[in-house]
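Novice: Next up, entry.cif (mmCIF, C-alpha atoms and all ligand atoms).
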```
data_start
#
loop_
_atom_site.label_atom_id
_atom_site.label_comp_id
_atom_site.auth_asym_id
_atom_site.auth_seq_id
_atom_site.Cartn_x
_atom_site.Cartn_y
_atom_site.Cartn_z
CA MET A 261 19.24 -13.10 5.19
CA ILE A 262 18.73 -11.49 1.80
CA ILE A 263 18.67 -7.70 1.60
CA LYS A 264 17.87 -5.88 -1.60
CA ILE A 265 18.06 -2.13 -2.02
CA LYS A 266 16.46 -0.52 -5.02
CA ASP A 267 14.86 2.82 -5.85
CA GLY A 268 14.48 4.07 -2.27
CA LEU A 269 13.15 0.71 -1.01
CA ALA A 270 14.71 -2.06 1.05
CA SER A 271 13.38 -5.60 0.96
CA ILE A 272 14.55 -8.03 3.61
CA SER A 273 13.89 -11.75 3.64
CA ASP A 274 15.07 -14.65 5.78
CA GLY A 275 13.33 -17.22 3.60
CA VAL A 276 10.18 -17.12 5.74
CA ARG A 277 9.58 -13.50 6.65
CA VAL A 278 9.58 -10.74 4.03
CA LEU A 279 9.59 -7.03 4.76
CA LEU A 280 9.44 -4.02 2.47
CA VAL A 281 10.29 -0.59 3.91
CA ASP A 282 11.15 2.68 2.27
CA ARG A 283 14.26 4.73 2.96
CA SER A 284 12.40 6.84 5.52
CA GLY A 285 11.59 3.65 7.44
CA ARG A 286 7.91 3.48 6.47
CA LEU A 287 6.52 -0.01 6.66
CA MET A 288 4.94 -0.98 3.32
CA ILE A 289 4.49 -4.75 3.22
CA TYR A 290 5.25 -7.45 5.76
CA SER A 291 4.75 -11.18 5.59
CA ASN A 292 5.52 -13.41 8.57
CA GLY A 293 5.36 -16.57 6.50
CA LYS A 294 1.75 -17.27 7.43
CA GLU A 295 0.04 -13.98 6.72
CA THR A 296 0.73 -10.93 4.57
CA PHE A 297 0.03 -7.33 5.58
CA ARG A 298 -0.09 -4.17 3.52
CA ARG A 299 0.14 -0.74 5.09
CA SER A 300 -1.11 2.47 3.50
CA LEU A 301 0.66 5.78 3.93
CA PHE A 302 -2.34 6.80 6.00
CA ASN A 303 -1.52 3.97 8.37
CA GLN A 304 -4.32 1.57 7.46
CA PHE A 305 -3.28 -2.06 7.70
CA LEU A 306 -4.80 -4.79 5.55
CA LYS A 307 -4.32 -8.51 5.92
CA VAL A 308 -4.43 -9.92 2.40
CA GLY A 309 -4.54 -13.53 1.30
CA TYR A 310 -6.36 -16.18 -0.73
CA LYS A 311 -9.02 -18.65 0.34
CA ASN A 312 -10.51 -21.24 -2.03
CA GLY A 313 -8.96 -19.33 -4.94
CA ASN A 314 -10.53 -16.01 -3.88
CA ARG A 315 -8.65 -13.01 -2.55
CA THR A 316 -9.43 -12.20 1.07
CA ILE A 317 -9.00 -8.84 2.77
CA LYS A 318 -9.28 -7.88 6.39
CA VAL A 319 -8.83 -4.37 7.73
CA LEU A 320 -6.81 -4.63 10.95
CA SER A 321 -7.83 -2.98 14.19
CA GLU A 322 -5.40 -0.49 15.69
CA LYS A 323 -4.25 -3.03 18.25
CA GLU A 324 -3.62 -5.67 15.57
CA ALA A 325 -1.78 -3.10 13.44
CA GLN A 326 0.42 -2.14 16.41
CA ASN A 327 1.36 -5.77 16.97
CA ILE A 328 2.27 -6.27 13.31
CA THR A 329 4.30 -3.05 13.36
CA LYS A 330 6.31 -4.30 16.33
CA GLU A 331 6.88 -7.70 14.75
CA ALA A 332 7.98 -6.14 11.43
CA TYR A 333 10.35 -3.58 12.97
CA ASP A 334 11.86 -6.18 15.32
CA PHE A 335 12.63 -8.19 12.21
CA LEU A 336 14.13 -5.10 10.55
CA ARG A 337 16.40 -4.49 13.53
CA GLU A 338 17.82 -7.99 13.18
CA VAL A 339 19.72 -6.56 10.19
CA LYS A 340 20.35 -3.09 11.57
CA ASN A 341 24.10 -3.28 11.02
CA ASP A 342 23.54 -3.84 7.31
CA LEU A 343 20.84 -1.21 6.94
CA ASN A 344 21.91 1.65 9.21
CA TYR A 345 23.42 3.50 6.27
CA PHE A 346 20.20 3.24 4.26
CA ILE A 347 17.66 3.88 7.03
CA PRO A 348 19.38 6.18 9.54
CA ASN A 349 16.36 6.37 11.90
CA LEU A 350 16.11 2.60 12.19
CA GLU A 351 16.31 2.49 16.01
CA ASN A 352 13.37 4.90 16.34
CA LEU A 353 10.92 3.08 14.12
CA ASN A 354 7.72 2.09 15.89
CA TRP A 355 3.96 2.57 15.83
CA GLU A 356 4.25 6.16 16.99
CA PHE A 357 6.58 7.01 14.15
CA LEU A 358 4.10 5.57 11.62
CA PHE A 359 1.17 7.36 13.21
CA LYS A 360 2.91 10.76 13.23
CA ASP A 361 4.09 10.21 9.68
CA SER A 362 0.51 9.60 8.49
CA ILE A 363 -0.65 12.79 10.21
CA GLU A 364 2.07 14.74 8.39
CA LEU A 365 0.81 13.36 5.09
CA LEU A 366 -2.80 14.14 5.92
CA LYS A 367 -1.87 17.79 6.43
CA ILE A 368 -0.74 18.01 2.79
CA TYR A 369 -4.14 17.17 1.34
CA ARG A 370 -7.50 18.84 1.48
CA GLY A 371 -10.50 16.61 1.81
CA PRO A 372 -10.91 12.89 2.31
CA VAL A 373 -8.21 10.26 2.32
CA PRO A 374 -7.54 9.49 -1.33
CA ILE A 375 -8.29 6.18 -3.02
CA VAL A 376 -6.29 4.74 -5.89
CA PRO A 377 -6.86 1.70 -8.12
CA PRO A 378 -5.17 -1.48 -6.85
CA ASP A 379 -2.51 -1.55 -9.58
CA GLN A 380 -1.19 1.80 -8.29
CA TYR A 381 1.14 0.40 -5.69
CA PHE A 382 3.48 3.29 -4.93
CA PRO A 383 2.13 6.51 -6.41
CA VAL A 384 2.51 10.13 -5.39
CA TYR A 385 -1.06 11.36 -5.00
CA VAL A 386 -1.44 14.88 -6.32
CA GLN A 387 -4.84 16.34 -5.59
CA ILE A 388 -5.49 18.80 -8.41
CA THR A 389 -9.22 18.63 -7.80
CA ILE A 390 -11.01 17.83 -4.57
CA GLY A 391 -14.07 15.61 -4.35
CA CYS A 392 -16.37 14.65 -7.20
CA ALA A 393 -18.08 17.15 -9.50
CA TRP A 394 -21.16 14.92 -9.77
CA ASN A 395 -21.34 13.43 -6.28
CA LYS A 396 -24.87 12.09 -6.77
CA CYS A 397 -24.43 8.39 -7.50
CA THR A 398 -26.81 6.67 -5.10
CA PHE A 399 -24.35 3.95 -4.00
CA CYS A 400 -21.27 6.14 -3.48
CA ASN A 401 -20.14 7.77 -0.26
CA LEU A 402 -16.57 8.60 -1.22
CA TYR A 403 -16.90 12.38 -1.31
CA LYS A 404 -20.33 12.88 0.22
CA ASN A 405 -19.55 15.89 2.40
CA GLN A 406 -16.86 17.29 0.18
CA PRO A 407 -17.72 20.11 -2.24
CA TYR A 408 -15.95 19.80 -5.59
CA GLN A 409 -13.07 22.23 -5.99
CA VAL A 410 -10.19 22.83 -8.36
CA ILE A 411 -7.00 23.88 -6.64
CA GLU A 412 -5.13 27.02 -7.59
CA GLU A 413 -1.73 26.84 -9.23
CA SER A 414 -0.04 28.29 -6.13
CA GLU A 415 -1.61 25.55 -4.02
CA LEU A 416 -0.46 22.89 -6.48
CA ILE A 417 3.10 24.18 -6.21
CA SER A 418 3.02 24.20 -2.43
CA MET A 419 1.45 20.70 -2.37
CA ILE A 420 4.23 19.39 -4.62
CA LYS A 421 6.89 20.99 -2.40
CA SER A 422 5.30 19.43 0.69
CA LEU A 423 5.15 16.02 -0.99
CA ILE A 424 8.81 16.20 -1.99
CA LYS A 425 9.69 17.09 1.59
CA TYR A 426 7.44 14.36 2.99
CA PHE A 427 8.91 11.58 0.84
CA GLY A 428 12.46 12.92 1.18
CA PRO A 429 15.00 10.21 0.33
CA SER A 430 12.14 7.77 -0.37
CA LEU A 431 10.85 9.69 -3.37
CA PRO A 432 12.58 7.30 -5.81
CA SER A 433 10.33 4.52 -4.43
CA ARG A 434 7.30 6.22 -5.98
CA LYS A 435 6.45 4.73 -9.35
CA SER A 436 3.73 7.03 -10.65
CA VAL A 437 1.71 10.15 -10.03
CA PHE A 438 -1.98 9.62 -9.36
CA LEU A 439 -4.16 12.68 -9.87
CA GLY A 440 -6.98 13.21 -7.45
CA ASP A 441 -9.79 13.08 -6.85
CA ALA A 442 -12.73 11.62 -8.84
CA ASN A 443 -12.75 13.77 -12.00
CA SER A 444 -9.36 15.44 -12.16
CA LEU A 445 -9.41 15.85 -15.95
CA LEU A 446 -12.57 17.92 -15.81
CA ILE A 447 -10.78 21.22 -15.22
CA ASP A 448 -10.45 23.72 -18.05
CA HIS A 449 -7.88 22.97 -20.75
CA GLU A 450 -5.54 25.78 -20.01
CA HIS A 451 -5.14 24.80 -16.36
CA LEU A 452 -5.12 21.10 -17.11
CA VAL A 453 -2.23 21.29 -19.57
CA LYS A 454 -0.36 23.72 -17.32
CA TYR A 455 -0.80 21.44 -14.29
CA PHE A 456 0.36 18.44 -16.31
CA LYS A 457 3.44 20.36 -17.45
CA ILE A 458 4.33 21.29 -13.87
CA ILE A 459 3.72 17.80 -12.47
CA SER A 460 5.54 15.93 -15.20
CA SER A 461 8.54 18.27 -15.19
CA ILE A 462 8.99 17.80 -11.43
CA PHE A 463 8.26 14.11 -10.87
CA LYS A 464 9.12 12.69 -14.31
CA LEU A 465 6.78 9.78 -13.65
CA PRO A 466 3.87 8.29 -15.60
CA ILE A 467 0.57 9.91 -14.66
CA TYR A 468 -2.71 8.15 -13.88
CA SER A 469 -6.16 9.43 -13.03
CA PHE A 470 -9.82 8.60 -12.56
CA VAL A 471 -12.12 10.26 -15.07
CA ASP A 472 -15.87 10.19 -15.44
CA ALA A 473 -17.41 9.48 -18.84
CA PHE A 474 -20.36 11.86 -18.62
CA LEU A 475 -19.20 15.29 -17.42
CA THR A 476 -15.68 15.33 -18.79
CA GLN A 477 -16.46 14.16 -22.31
CA LYS A 478 -17.84 17.57 -23.26
CA ARG A 479 -14.50 19.12 -22.40
CA LEU A 480 -11.71 16.87 -23.60
CA LYS A 481 -10.99 16.86 -27.31
CA GLU A 482 -8.39 14.92 -29.25
CA ASP A 483 -5.67 17.59 -29.32
CA ILE A 484 -5.87 18.02 -25.53
CA LEU A 485 -5.59 14.28 -25.01
CA LEU A 486 -2.51 14.17 -27.22
CA ASN A 487 -1.01 16.94 -25.12
CA LEU A 488 -1.79 15.09 -21.89
CA LYS A 489 -0.22 11.96 -23.35
CA ARG A 490 2.85 14.00 -24.23
CA PHE A 491 3.09 15.11 -20.60
CA GLY A 492 2.91 11.57 -19.28
CA LEU A 493 -0.77 10.54 -18.98
CA GLU A 494 -0.46 6.77 -19.12
CA ARG A 495 -3.85 5.41 -18.14
CA VAL A 496 -7.24 6.66 -17.00
CA TYR A 497 -9.78 4.71 -14.95
CA PHE A 498 -13.49 4.96 -15.69
CA GLY A 499 -16.11 3.91 -13.16
CA VAL A 500 -18.34 2.42 -15.87
CA GLU A 501 -20.21 0.35 -13.24
CA SER A 502 -22.48 -1.28 -15.86
CA GLY A 503 -23.06 -1.38 -19.60
CA SER A 504 -26.81 -1.33 -18.93
CA GLU A 505 -28.46 2.06 -18.93
CA SER A 506 -31.28 0.66 -16.79
CA VAL A 507 -28.75 -0.28 -14.12
CA LEU A 508 -26.93 3.05 -14.48
CA LYS A 509 -30.24 4.77 -13.89
CA LEU A 510 -30.68 2.88 -10.63
CA LEU A 511 -27.21 4.02 -9.61
CA ASN A 512 -28.04 7.59 -10.67
CA LYS A 513 -25.01 7.71 -12.93
CA PRO A 514 -26.01 9.89 -15.88
CA MET A 515 -23.84 8.09 -18.39
CA ASN A 516 -25.01 7.53 -21.93
CA VAL A 517 -23.44 4.25 -23.00
CA ASN A 518 -22.74 5.25 -26.60
CA THR A 519 -21.19 8.62 -25.84
CA ALA A 520 -19.14 7.04 -23.04
CA LEU A 521 -17.81 4.48 -25.54
CA GLU A 522 -16.88 7.24 -27.98
CA PHE A 523 -15.13 9.11 -25.19
CA ILE A 524 -13.12 6.06 -24.12
CA LYS A 525 -12.14 5.44 -27.74
CA GLN A 526 -10.67 8.97 -27.90
CA PHE A 527 -8.25 8.09 -25.09
CA LYS A 528 -7.23 4.90 -26.84
CA LYS A 529 -6.73 6.82 -30.07
CA ALA A 530 -4.42 9.25 -28.25
CA GLY A 531 -2.34 6.29 -27.00
CA ILE A 532 -3.66 6.48 -23.42
CA SER A 533 -4.58 3.16 -21.81
CA VAL A 534 -7.86 2.66 -19.99
CA GLY A 535 -9.04 0.90 -16.85
CA LEU A 536 -12.76 0.07 -16.80
CA ILE A 537 -14.42 -0.59 -13.46
CA PHE A 538 -17.66 -2.60 -13.33
CA LEU A 539 -19.66 -3.36 -10.19
CA ALA A 540 -20.53 -6.95 -9.32
CA GLY A 541 -24.03 -6.89 -7.88
CA ALA A 542 -25.19 -3.63 -9.49
CA GLY A 543 -28.91 -3.84 -10.25
CA GLY A 544 -29.32 -6.71 -7.79
CA LYS A 545 -30.99 -10.01 -8.65
CA LYS A 546 -33.55 -8.36 -10.91
CA PHE A 547 -30.98 -7.00 -13.37
CA TRP A 548 -28.37 -9.78 -13.10
CA GLU A 549 -28.70 -10.97 -16.70
CA GLU A 550 -29.13 -7.52 -18.22
CA HIS A 551 -26.12 -6.17 -16.28
CA VAL A 552 -23.82 -9.01 -17.37
CA LYS A 553 -25.01 -8.99 -20.99
CA ARG A 554 -24.77 -5.23 -21.52
CA SER A 555 -21.45 -4.92 -19.69
CA ALA A 556 -19.95 -7.63 -21.93
CA GLU A 557 -21.34 -5.83 -25.00
CA PHE A 558 -19.85 -2.55 -23.75
CA VAL A 559 -16.34 -4.02 -23.58
CA SER A 560 -16.69 -5.72 -26.96
CA LYS A 561 -17.20 -2.34 -28.64
CA LEU A 562 -13.71 -1.20 -27.61
CA GLU A 563 -10.33 -2.12 -29.00
CA LEU A 564 -8.39 -3.11 -25.88
CA ASP A 565 -4.84 -4.35 -25.43
CA ARG A 566 -2.53 -5.67 -22.71
CA LYS A 567 -2.00 -2.24 -21.18
CA ASP A 568 -5.72 -1.84 -20.50
CA ILE A 569 -7.41 -3.44 -17.52
CA ILE A 570 -10.96 -4.39 -16.57
CA TYR A 571 -11.82 -4.43 -12.89
CA VAL A 572 -14.90 -5.94 -11.34
CA SER A 573 -15.51 -4.61 -7.88
CA PRO A 574 -18.16 -6.08 -5.56
CA LEU A 575 -20.69 -3.36 -4.82
CA HIS A 576 -21.01 -2.42 -1.13
CA GLU A 577 -24.60 -1.46 -0.36
CA TYR A 578 -24.79 0.91 2.61
CA ARG A 579 -27.96 1.39 4.62
CA ASP A 580 -27.44 5.14 4.88
CA LEU A 581 -27.22 5.72 1.13
CA PRO A 582 -30.16 6.12 -1.31
CA TYR A 583 -29.23 2.95 -3.20
CA TRP A 584 -30.43 0.95 -0.19
CA GLU A 585 -34.03 1.75 -1.19
CA THR A 586 -33.36 0.39 -4.70
CA VAL A 587 -32.00 -2.82 -3.25
CA LYS A 588 -35.35 -3.44 -1.57
CA GLU A 589 -36.91 -3.66 -5.04
CA THR A 590 -34.17 -5.32 -7.04
CA GLY A 591 -32.97 -7.76 -4.40
CA LYS A 592 -29.43 -7.73 -3.09
CA LEU A 593 -26.70 -10.19 -4.02
CA GLY A 594 -24.81 -11.79 -1.17
CA PHE A 595 -21.01 -11.75 -1.28
CA LYS A 596 -20.81 -15.26 -2.76
CA GLU A 597 -23.32 -14.32 -5.46
CA LYS A 598 -21.25 -11.26 -6.31
CA LEU A 599 -18.22 -13.49 -6.73
CA GLU A 600 -20.32 -15.75 -8.92
CA GLN A 601 -21.39 -12.75 -10.97
CA PHE A 602 -17.76 -11.67 -11.30
CA LYS A 603 -16.89 -15.09 -12.75
CA GLU A 604 -19.84 -14.92 -15.12
CA LEU A 605 -18.94 -11.38 -16.16
CA LYS A 606 -15.36 -12.37 -16.82
CA LEU A 607 -16.46 -15.27 -19.01
CA LYS A 608 -19.10 -13.27 -20.87
CA ILE A 609 -16.78 -10.31 -21.43
CA LYS A 610 -14.16 -12.60 -22.96
CA ASP A 611 -16.71 -14.56 -25.02
CA GLU A 612 -18.44 -11.48 -26.36
CA TYR A 613 -15.14 -9.82 -27.19
CA PHE A 614 -14.05 -12.88 -29.13
CA LYS A 615 -17.39 -13.10 -30.90
CA VAL A 616 -17.27 -9.47 -32.03
CA LYS A 617 -13.55 -9.01 -32.68
CA VAL A 618 -12.62 -12.58 -33.64
CA LYS A 619 -9.60 -12.37 -31.36
CA GLU A 620 -8.86 -12.91 -27.70
CA LEU A 621 -9.29 -10.03 -25.24
CA GLN A 622 -5.76 -9.08 -24.17
CA ALA A 623 -6.76 -6.87 -21.24
CA PRO A 624 -7.01 -8.80 -17.96
CA VAL A 625 -10.36 -9.00 -16.16
CA VAL A 626 -9.60 -8.77 -12.46
CA LEU A 627 -11.61 -8.83 -9.24
CA TYR A 628 -10.95 -5.81 -7.06
CA ASP A 629 -12.14 -4.92 -3.61
CA ILE A 630 -12.43 -1.19 -2.97
CA ARG A 631 -10.88 -1.75 0.48
CA GLU A 632 -7.61 -2.40 -1.38
CA SER A 633 -7.69 1.06 -2.94
CA ILE A 634 -5.56 2.44 -0.17
CA TYR A 635 -2.88 5.09 -0.63
S1 LIG J 701 -19.26 6.92 -8.18
FE1 LIG J 701 -17.75 8.32 -9.02
S2 LIG J 701 -19.00 9.77 -10.22
FE2 LIG J 701 -20.40 8.74 -8.84
S3 LIG J 701 -20.50 10.07 -7.03
FE3 LIG J 701 -18.93 8.53 -6.62
S4 LIG J 701 -17.03 9.45 -7.24
FE4 LIG J 701 -18.68 10.65 -8.17
#
```
Spit out the file's structure as structure tokens when you get a sec.
Ligand code: SF4
Specialist:
Amino acid sequence: MIIKIKDGLASISDGVRVLLVDRSGRLMIYSNGKETFRRSLFNQFLKVGYKNGNRTIKVLSEKEAQNITKEAYDFLREVKNDLNYFIPNLENLNWEFLFKDSIELLKIYRGPVPIVPPDQYFPVYVQITIGCAWNKCTFCNLYKNQPYQVIEESELISMIKSLIKYFGPSLPSRKSVFLGDANSLLIDHEHLVKYFKIISSIFKLPIYSFVDAFLTQKRLKEDILLNLKRFGLERVYFGVESGSESVLKLLNKPMNVNTALEFIKQFKKAGISVGLIFLAGAGGKKFWEEHVKRSAEFVSKLELDRKDIIYVSPLHEYRDLPYWETVKETGKLGFKEKLEQFKELKLKIKDEYFKVKVKELQAPVVLYDIRESIY
């Protein structure tokens, strides 16, 4: 049995099974040799794997999650004598513990369960704004019934205190701070810089955030970005969705491609990395070519490096959202076609970048399923 302890996390392996738990006993990742499971702090379980070279994701039912929890904690208790000092509550770990723990976390936040990009494995989510200030994209249901709000400084302080208490001895396992929700950098400069100062002085971790490229651009100027960089802003993620304004119009995302590009360049200039998220399937069959072409052109107008990342996320079309009507006109891509479009996008993005810059694109182009955006 191999046990490794590092930064508030314990990993246990017997050569077949692998388990990752934090110092508070929270189950994070478990693999039984055949299948791998990821658990979110809100107690969602995902089965993740690969089939025919493609990543597969299944959200587990409660019953399935309970069974995996039992299996994982039984495995943990096989090494209880070695780990009692690190995880004192080891004997009491079970489904109920995880469930109660997730309820405690839920009480700290206002609004919906946060989402984070897939490269944010162990962040502390700090919700400085709630919801999305735009909230009108026709395909998006993330914050539908949630009015946009900026939290007060006193609430930020009490949220931070609650988070420190919640994570307790496991706080060192957190690798970053992720600012919520959809447009956290939109708040006025004075508050933004103040909030960054508070957060960075307490957690001393790199900071990440989503940011929109149509509302926020009017607010953030170069000197502010330099300040945010100074206080730890490492990377921001833009839901670009498409480089085609025709497709953006269908999505009701009021983003002007040129001003968005200028805005993204400002972040790069300030030394802040960027994550660009495109949607595979946006614009349906009708706009397939236009979407791929313009998205590749969009990327080629930026100077990207290894710290940047390009995500392509298959669009989920929901019947109860306005985009469903659009789909009737444009045609809808099936899941396999979306994967095909991802591959085409990846190729075109790299080709176009090379053509324009006469050098390889260093930023990876990665497929990402929004179901993996769990916190
Ligand atoms: S896609 Fe982003 S900007 Fe559009 S409504 Fe959803 S969260 Fe807001």
Novice: For range 291-302 of chain A, work out the shell of residues within 10 Å, counting all atoms listed in the file and skipping chain neighbours fewer than 3 positions away, then give it as a PyMOL selection string.
Specialist: chain A and resi 273-280+286-288+305-309+317-320+325+328-329+331-332+335+358-366+373-374+381-382+632-635
Novice: Using only C-alpha atoms and all ligand atoms, which of the listed residues (A:Ile368, A:Ile537, A:Leu485, A:Leu416) sits closest to ligand LIG 701 (chain J)?
Specialist: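 Closest candidate: A:Ile537.
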Novice: Rank A:Lys266, A:Lys509, A:His451, A:Arg370 by their smallest atom-to-atom distance to ligand LIG 701 (chain J), using only C-alpha atoms and all ligand atoms, and report the top residue only.
Specialist: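 Closest residue, counting only C-alpha atoms and all ligand atoms: A:Lys509.
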Novice: Could you tell me, counting only C-alpha atoms and all ligand atoms, which protein and nucleic acid residues lie no more than 8 Å from ligand LIG 701 (chain J), written as a PyMOL selection string?
Specialist: chain A and resi 391-404+442-443+472+499+512-513
Novice: Is it possible to get the residues within 12 Å of (-14.7, -16.7, -3.9) (coordinates as in the file, counting only C-alpha atoms) written as an NGL selection string?
Specialist: :A and (309-317 or 574 or 594-603 or 627-628)
Novice: Closest to Asn405 in chain A among A:Asp441, A:Gly371, A:Pro429, A:Tyr333, using only C-alpha atoms?
Specialist: A:Gly371
Novice: Check the smallest atom-to-atom distance from each of A:Lys525, A:Lys567, A:Lys617, A:Lys367 to Ser422 in chain A using only C-alpha atoms, then report the winner.
Specialist: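 Ranked by minimum distance to Ser422 in chain A, first place goes to A:Lys367.
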Novice: Given 5 Å on each side, where is the centre and what are the edge lengths in Å to one decimal of the axis-aligned box enclosing the listed atoms of range 336-340 of chain A, as AutoDock Vina command-line options?
Specialist:
```
--center_x 17.2 --center_y -5.5 --center_z 11.9 --size_x 16.2 --size_y 14.9 --size_z 13.3
```
Novice: Find the residues near Thr476 in chain A: any atom within 9 Å, counting all atoms listed in the file, skip ones fewer than 4 places away on the same chain, and give them as a PyMOL selection string.
Specialist: chain A and resi 443+445-447+471-472+480+523
Novice: Just give me the gap between CA of Gly440 in chain A and CA of Leu562 in chain A in Å, one decimal is fine.
Specialist: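 Distance between the two atoms: 25.7 Å.
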Novice: Just how far from CA of Val437 in chain A is CA of Ile467 in chain A, in Å to one decimal?
Specialist: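 Between these atoms lies a distance of 4.8 Å.
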Novice: Take the point (-5.4, 8.4, -28.1) as written in the file and pick out every residue within 12 Å of it, counting all atoms listed in the file; give the list as a PyMOL selection string.
Specialist: chain A and resi 480-490+493-496+522-534+563
